[in-house]
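Single-structure report; data block below.
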Amino acid sequence: MSDLSKFTPRVFSGIKPSGGLTLGNYLGAIKRFVDWQEAGSHETIYCVVDMHAITVWQDPAELHAATREVAAGFLASGIDPTKSILFNQSQVSAHTELAWIFNCVARVGWMNRMTQFKDKAGTNAEKASLGLYAYPALMAADILIYHATHVPVGEDQKQHVELTRDIAQKFNHDYKVDFFPETAPVIEGPATRVMNLRDGTKKMSKSGESDMERINMTDDAATIAKKFKKAKTDPEPLPETLEGLAGRPEAKNLVDIYAGLSGQTDEQVIAEYAGAGWGRFKPALADLAVEKMAPISEEMSRLMADPAEIDRILAHGAEQAREIAEPILSEAFRIVGLVGR
């Protein structure tokens with residue numbers, strides 16, 4: 001086992017620029033990133049993982065624009081480039097160089113167990129890209145190139161962080177070193193998985209059929225309010241206890257979202273609204289969402305109108321990231337016997 005105390009306390013996480021950002025990205029990831037930044041207990045490194053996006057074909061111009069949009073979402077939500085390192089993955093080549101080493105450490109059987117590949121490749125796996133199959137090794141490199149000790153992720157990414165730990169353990173064992181930390185996934189708080197506003201059994205997605213299924217981080221105040229007021233519910237009022245939400249996915253989702261936006265627990269929300277009908281709860285949720293999300297949308301619009309400023313921030317962050325990554329990569333090369341760094 002790696003002793004995490006020997007490593008600098010450091011948080012790393014990222015978001016893929018494939019389509020627009022949603023409320024799910026905000027509550028499940030970006031808001032947590034800001035919380036880690038403001039806690040000040042760890043160095044915080046955040047990345048737009050644009051190289052992960054091309055595991056499936058992307059229009060180049062759209063990918064470039066989406067990378068800037070994700071960066072704008074980080075900044076508008078409170079990521080401060082004077083407190084955190086913010087960059088896009090493709091500007092730091094150490095990620096892909098370490099990923100090749102990890103491709104040679106990881107086992108094919110490990111990759112075969114990755115449920116996300118099965119989900120994304122579907123029944124036509126033979127035609128999926130090799131990148132889609134192997135990208136968990138790149139994700140491990142994203143994390144370990146900074147010796148990150150903690151990774152805030154959603155539940156659906158937990159398996160990949162566990163694979164990252166497997167790769168770190170095998171590297172350390174094979175080369176008889178204690179070089180890479182066994183990174184800990186951090187999954188905590190309400191709304192770690194935000195669901196569809198029209199079907200509470202499905203995750204809120206950028207690629208859903210209807211725009212009414214999701215709250216986009218670029219939605220204006222009127223659109224946010226409209227979507228929540230039209231969100232699917234059931235006939236029953238909110239229950240007296242949290243257990244009463246069992247079997248009520250749409251109700252549970254809206255309570256989760258309220259808790260995530262308000263900074264409360266689900267239990268506190270239920271205590272406040274026990275017995276309330278949707279005619280009371282949904283307008284309250286809409287008002288809260290507008291209060292929290294509309295300023296972010298406005299700031300994103302301002303930032304995206306100045307792409308040169310976003311590019312400057314990302315380039316500066318990449319310089320900072322390389323300062324941490326390059327010595328770690330050089331030592332990894334030395335450990336495995338590669339010459340040239």
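Just so we're on the same page: first chain in the structure tokens is A, next is B, and so on; residues restart at 1 for each chain, and ligands are numbered from 1 in the order they show up.
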Mind the document's chain letters and residue numbers, and return as an MDAnalysis selection string the residues of region 141-334 of chain A that DSSP labels alpha helix (DSSP H). chainID A and resid 141:144 158:174 221:229 249:262 266:273 278:304 307:334
Might you pull out every residue within 9 Å of region 7-12 of chain A, with only C-alpha atoms counted and same-chain residues fewer than 4 positions away left off, and present them as a VMD selection string? chain A and resid 3 33 36 to 37 41 to 47 142 to 144 146 to 152 180 to 181
If we count only C-alpha atoms, what is near region 105-119 of chain A at a cut-off of 12 Å, once residues fewer than 5 positions away on the same chain are taken out, given as number ranges by chain? A: 55-56, 98-100, 124-126, 128-138, 140-141, 155-175, 336
Would you output that residue set with C-alpha atoms, as a short mmCIF file (atom, residue, chain, number, x, y, z; two decimals), in the first residue's frame?
```
data_model
loop_
_atom_site.label_atom_id
_atom_site.label_comp_id
_atom_site.auth_asym_id
_atom_site.auth_seq_id
_atom_site.Cartn_x
_atom_site.Cartn_y
_atom_site.Cartn_z
CA THR A 55 -12.32 8.53 -28.41
CA VAL A 56 -15.41 9.04 -30.57
CA LEU A 98 2.57 8.31 -19.04
CA ALA A 99 -0.55 6.70 -20.52
CA TRP A 100 1.63 4.59 -22.81
CA ASN A 124 -20.97 -2.91 -32.05
CA ALA A 125 -17.82 -3.09 -29.92
CA GLU A 126 -15.68 -4.37 -32.80
CA ALA A 128 -15.31 1.10 -31.44
CA SER A 129 -12.01 2.95 -31.41
CA LEU A 130 -9.01 1.52 -29.59
CA GLY A 131 -8.96 4.82 -27.71
CA LEU A 132 -12.44 4.20 -26.30
CA TYR A 133 -11.28 0.79 -25.08
CA ALA A 134 -7.97 1.97 -23.60
CA TYR A 135 -8.95 5.40 -22.30
CA PRO A 136 -9.06 4.29 -18.64
CA ALA A 137 -5.26 4.06 -18.83
CA LEU A 138 -5.17 7.68 -20.00
CA ALA A 140 -5.12 6.94 -14.74
CA ALA A 141 -2.27 8.94 -16.25
CA GLU A 155 -20.54 7.29 -8.84
CA ASP A 156 -20.22 6.32 -12.52
CA GLN A 157 -16.49 7.12 -12.50
CA LYS A 158 -15.64 5.24 -9.32
CA GLN A 159 -14.59 2.13 -11.27
CA HIS A 160 -12.03 4.14 -13.21
CA VAL A 161 -10.43 5.53 -10.07
CA GLU A 162 -10.31 2.01 -8.67
CA LEU A 163 -8.51 0.97 -11.88
CA THR A 164 -6.12 3.87 -11.33
CA ARG A 165 -5.29 2.40 -7.92
CA ASP A 166 -4.76 -1.04 -9.50
CA ILE A 167 -2.34 0.46 -12.03
CA ALA A 168 -0.46 2.38 -9.30
CA GLN A 169 -0.19 -0.77 -7.18
CA LYS A 170 1.06 -2.91 -10.06
CA PHE A 171 3.60 -0.28 -11.18
CA ASN A 172 4.91 0.05 -7.63
CA HIS A 173 5.02 -3.72 -7.19
CA ASP A 174 6.62 -4.51 -10.55
CA TYR A 175 9.39 -1.95 -10.12
CA VAL A 336 11.11 1.67 -16.14
#
```
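Nearest-residue note for Ile187 (chain A): choosing from A:Gly275, A:Gly154, A:Gly317, A:Gly19, the minimum distance belongs to A:Gly154, counting only C-alpha atoms.
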Considering only C-alpha atoms, return as a list in words whatever protein or nucleic-acid residues lie within 8 Å of region 75-81 of chain A, sequence-local ones (same chain, fewer than 3 positions apart) excluded. Ile30, Lys31, Phe33, Val34, Gln37, Ala71, Ala72, Ser84, Ile85, Leu86, Ile296, Ser297, Glu299, Met300, Leu303, Ile313 and Gly317 of chain A
Can I get the selection written as an mmCIF file, in the first residue's frame, with N, CA, C and O atoms?
```cif
data_model
loop_
_atom_site.group_PDB
_atom_site.id
_atom_site.type_symbol
_atom_site.label_atom_id
_atom_site.label_comp_id
_atom_site.auth_asym_id
_atom_site.auth_seq_id
_atom_site.Cartn_x
_atom_site.Cartn_y
_atom_site.Cartn_z
ATOM 1 N N ILE A 30 -18.486 20.285 -10.736
ATOM 2 C CA ILE A 30 -17.850 21.594 -10.654
ATOM 3 C C ILE A 30 -18.047 22.257 -9.296
ATOM 4 O O ILE A 30 -17.110 22.845 -8.732
ATOM 5 N N LYS A 31 -19.248 22.184 -8.740
ATOM 6 C CA LYS A 31 -19.488 22.768 -7.416
ATOM 7 C C LYS A 31 -18.578 22.126 -6.376
ATOM 8 O O LYS A 31 -18.054 22.810 -5.476
ATOM 9 N N PHE A 33 -15.642 20.831 -7.032
ATOM 10 C CA PHE A 33 -14.292 21.308 -7.298
ATOM 11 C C PHE A 33 -14.055 22.650 -6.602
ATOM 12 O O PHE A 33 -12.982 22.895 -6.032
ATOM 13 N N VAL A 34 -15.060 23.521 -6.675
ATOM 14 C CA VAL A 34 -14.947 24.831 -6.020
ATOM 15 C C VAL A 34 -14.832 24.648 -4.504
ATOM 16 O O VAL A 34 -14.032 25.328 -3.841
ATOM 17 N N GLN A 37 -11.367 23.694 -3.670
ATOM 18 C CA GLN A 37 -10.498 24.869 -3.828
ATOM 19 C C GLN A 37 -10.595 25.777 -2.618
ATOM 20 O O GLN A 37 -9.574 26.219 -2.065
ATOM 21 N N ALA A 71 -14.239 25.302 -19.990
ATOM 22 C CA ALA A 71 -13.372 26.198 -19.204
ATOM 23 C C ALA A 71 -14.171 27.377 -18.672
ATOM 24 O O ALA A 71 -14.014 27.774 -17.503
ATOM 25 N N ALA A 72 -15.047 27.948 -19.511
ATOM 26 C CA ALA A 72 -15.890 29.058 -19.058
ATOM 27 C C ALA A 72 -16.799 28.616 -17.926
ATOM 28 O O ALA A 72 -17.041 29.370 -16.972
ATOM 29 N N SER A 84 -6.383 27.670 -8.150
ATOM 30 C CA SER A 84 -6.345 26.335 -8.741
ATOM 31 C C SER A 84 -5.610 26.401 -10.070
ATOM 32 O O SER A 84 -5.508 27.468 -10.687
ATOM 33 N N ILE A 85 -5.104 25.262 -10.502
ATOM 34 C CA ILE A 85 -4.541 25.133 -11.843
ATOM 35 C C ILE A 85 -5.658 24.657 -12.765
ATOM 36 O O ILE A 85 -6.295 23.644 -12.503
ATOM 37 N N LEU A 86 -5.907 25.403 -13.838
ATOM 38 C CA LEU A 86 -6.948 25.065 -14.802
ATOM 39 C C LEU A 86 -6.337 25.054 -16.196
ATOM 40 O O LEU A 86 -5.713 26.044 -16.611
ATOM 41 N N ILE A 296 -24.302 32.218 -13.101
ATOM 42 C CA ILE A 296 -23.266 31.417 -13.763
ATOM 43 C C ILE A 296 -23.454 31.478 -15.273
ATOM 44 O O ILE A 296 -22.494 31.650 -16.033
ATOM 45 N N SER A 297 -24.699 31.331 -15.720
ATOM 46 C CA SER A 297 -24.999 31.413 -17.150
ATOM 47 C C SER A 297 -24.579 32.765 -17.724
ATOM 48 O O SER A 297 -23.973 32.845 -18.810
ATOM 49 N N GLU A 299 -22.283 34.820 -16.570
ATOM 50 C CA GLU A 299 -20.828 34.946 -16.575
ATOM 51 C C GLU A 299 -20.218 34.065 -17.672
ATOM 52 O O GLU A 299 -19.231 34.455 -18.305
ATOM 53 N N MET A 300 -20.809 32.899 -17.912
ATOM 54 C CA MET A 300 -20.319 32.068 -19.012
ATOM 55 C C MET A 300 -20.464 32.805 -20.347
ATOM 56 O O MET A 300 -19.553 32.757 -21.192
ATOM 57 N N LEU A 303 -17.707 35.362 -20.614
ATOM 58 C CA LEU A 303 -16.398 34.750 -20.857
ATOM 59 C C LEU A 303 -16.276 34.226 -22.287
ATOM 60 O O LEU A 303 -15.243 34.403 -22.941
ATOM 61 N N ILE A 313 -5.880 31.930 -20.031
ATOM 62 C CA ILE A 313 -5.973 31.252 -18.730
ATOM 63 C C ILE A 313 -5.571 29.785 -18.862
ATOM 64 O O ILE A 313 -4.813 29.253 -18.041
ATOM 65 N N GLY A 317 -2.375 27.902 -17.134
ATOM 66 C CA GLY A 317 -2.575 26.710 -16.323
ATOM 67 C C GLY A 317 -1.745 25.541 -16.824
ATOM 68 O O GLY A 317 -1.209 24.752 -16.036
#
```
What parts of region 97-262 of chain A does DSSP call strand (DSSP E or B)? I'd like the answer as an mmCIF file with C-alpha atoms, in the first residue's frame.
```cif
data_model
loop_
_atom_site.group_PDB
_atom_site.id
_atom_site.type_symbol
_atom_site.label_atom_id
_atom_site.label_comp_id
_atom_site.auth_asym_id
_atom_site.auth_seq_id
_atom_site.Cartn_x
_atom_site.Cartn_y
_atom_site.Cartn_z
ATOM 1 C CA HIS A 150 -7.888 12.539 -4.092
ATOM 2 C CA VAL A 151 -10.255 12.585 -7.063
ATOM 3 C CA PRO A 152 -13.799 13.947 -6.631
ATOM 4 C CA ALA A 184 -8.757 7.830 -3.182
ATOM 5 C CA PRO A 185 -12.048 8.509 -5.017
ATOM 6 C CA VAL A 186 -14.237 11.059 -3.248
ATOM 7 C CA MET A 195 -31.242 12.576 -13.136
ATOM 8 C CA LYS A 203 -29.097 10.305 -15.807
ATOM 9 C CA ASN A 216 -28.003 23.557 -19.345
#
```
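Minimum atom-to-atom distances from A:Gly122, A:Gly40, A:Pro239, A:Pro295 to Ile270 (chain A) were compared using only C-alpha atoms, and the lowest value belongs to A:Pro239.
Restricting the calculation to only C-alpha atoms, the smallest distance between Asp266 (chain A) and any of A:Val92, A:Trp278, A:Leu245, A:Thr183 is found for A:Leu245.
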When you look at Val48 (chain A) with a cut-off of 10 Å (counting only C-alpha atoms), what residues show up, excluding the ones that are within fewer than 6 positions of it in the same chain? I need them as number ranges by chain. A: 13-17, 66-71, 74, 86-90, 314
Limited to N, CA and C atoms, could you put the picked residues into a file as a compact mmCIF listing (two decimals), in the first residue's frame?
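Below is the file that was written, again_13.txt:
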```txt
# COMPACT_ATOMS: atom_id res chain seq x y z
N SER A 13 -9.21 16.51 -10.98
CA SER A 13 -10.40 15.99 -11.65
C SER A 13 -10.59 16.75 -12.95
N GLY A 14 -11.45 16.22 -13.81
CA GLY A 14 -11.65 16.85 -15.10
C GLY A 14 -13.02 16.56 -15.67
N ILE A 15 -13.36 17.30 -16.71
CA ILE A 15 -14.63 17.13 -17.42
C ILE A 15 -14.34 17.08 -18.91
N LYS A 16 -15.03 16.17 -19.60
CA LYS A 16 -14.84 15.98 -21.04
C LYS A 16 -15.69 17.00 -21.81
N PRO A 17 -15.10 17.67 -22.80
CA PRO A 17 -15.85 18.66 -23.58
C PRO A 17 -16.58 18.03 -24.76
N ALA A 66 -16.20 23.66 -27.62
CA ALA A 66 -16.67 22.99 -26.40
C ALA A 66 -15.61 23.03 -25.31
N THR A 67 -14.34 22.94 -25.69
CA THR A 67 -13.26 23.03 -24.70
C THR A 67 -13.28 24.39 -24.01
N ARG A 68 -13.46 25.42 -24.80
CA ARG A 68 -13.56 26.77 -24.21
C ARG A 68 -14.81 26.90 -23.34
N GLU A 69 -15.92 26.28 -23.78
CA GLU A 69 -17.16 26.39 -23.00
C GLU A 69 -17.02 25.72 -21.64
N VAL A 70 -16.39 24.54 -21.60
CA VAL A 70 -16.18 23.88 -20.31
C VAL A 70 -15.29 24.74 -19.42
N ALA A 71 -14.24 25.30 -19.99
CA ALA A 71 -13.37 26.20 -19.20
C ALA A 71 -14.17 27.38 -18.67
N PHE A 74 -16.18 26.25 -15.67
CA PHE A 74 -15.34 26.20 -14.47
C PHE A 74 -15.17 27.59 -13.87
N LEU A 86 -5.91 25.40 -13.84
CA LEU A 86 -6.95 25.06 -14.80
C LEU A 86 -6.34 25.05 -16.20
N PHE A 87 -6.49 23.95 -16.91
CA PHE A 87 -5.88 23.82 -18.23
C PHE A 87 -6.64 22.78 -19.03
N ASN A 88 -6.32 22.66 -20.31
CA ASN A 88 -6.87 21.56 -21.10
C ASN A 88 -5.78 20.53 -21.37
N GLN A 89 -6.18 19.29 -21.32
CA GLN A 89 -5.31 18.12 -21.31
C GLN A 89 -4.31 18.08 -22.47
N SER A 90 -4.75 18.46 -23.67
CA SER A 90 -3.89 18.29 -24.84
C SER A 90 -2.69 19.23 -24.83
N LEU A 314 -6.05 29.11 -19.91
CA LEU A 314 -5.72 27.70 -20.11
C LEU A 314 -4.22 27.51 -20.38
```
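In this model, the gap between CA of Ala61 (chain A) and CA of Gly28 (chain A) comes to 27.2 Å.
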Tell me which protein, DNA and RNA residues are within 9 Å of Lys292 (chain A), counting only C-alpha atoms, leaving out same-chain ones fewer than 4 positions away, and put them as a list of chain:residue names. A:Leu261, A:Ser262, A:Asp287, A:Leu288, A:Ile296
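Atom pair CA of Pro283 (chain A) / CA of Asn196 (chain A) has a distance of 18.0 Å (rounded to one decimal).
Within the 10 Å cut-off around Gly340 (chain A), using only C-alpha atoms and omitting residues fewer than 4 positions from it on the same chain, the listed residues are Ser330, Phe333 and Arg334 of chain A.
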Just-selected residues, N, CA and C atoms written as a short mmCIF file (atom, residue, chain, number, x, y, z; two decimals), in the first residue's frame:
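Writing done, so here's result.cif:
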```
data_model
loop_
_atom_site.label_atom_id
_atom_site.label_comp_id
_atom_site.auth_asym_id
_atom_site.auth_seq_id
_atom_site.Cartn_x
_atom_site.Cartn_y
_atom_site.Cartn_z
N SER A 330 9.61 12.22 -15.81
CA SER A 330 11.02 11.88 -15.97
C SER A 330 11.43 10.76 -15.02
N PHE A 333 9.99 7.46 -16.29
CA PHE A 333 10.84 6.95 -17.37
C PHE A 333 12.08 6.27 -16.80
N ARG A 334 12.71 6.93 -15.84
CA ARG A 334 13.94 6.37 -15.25
C ARG A 334 13.65 5.02 -14.58
#
```
Which of these, A:Gly200, A:Pro235, A:Gly244, A:Gly73, has the shortest distance to Ile257 (chain A) once you count only C-alpha atoms? A:Gly200
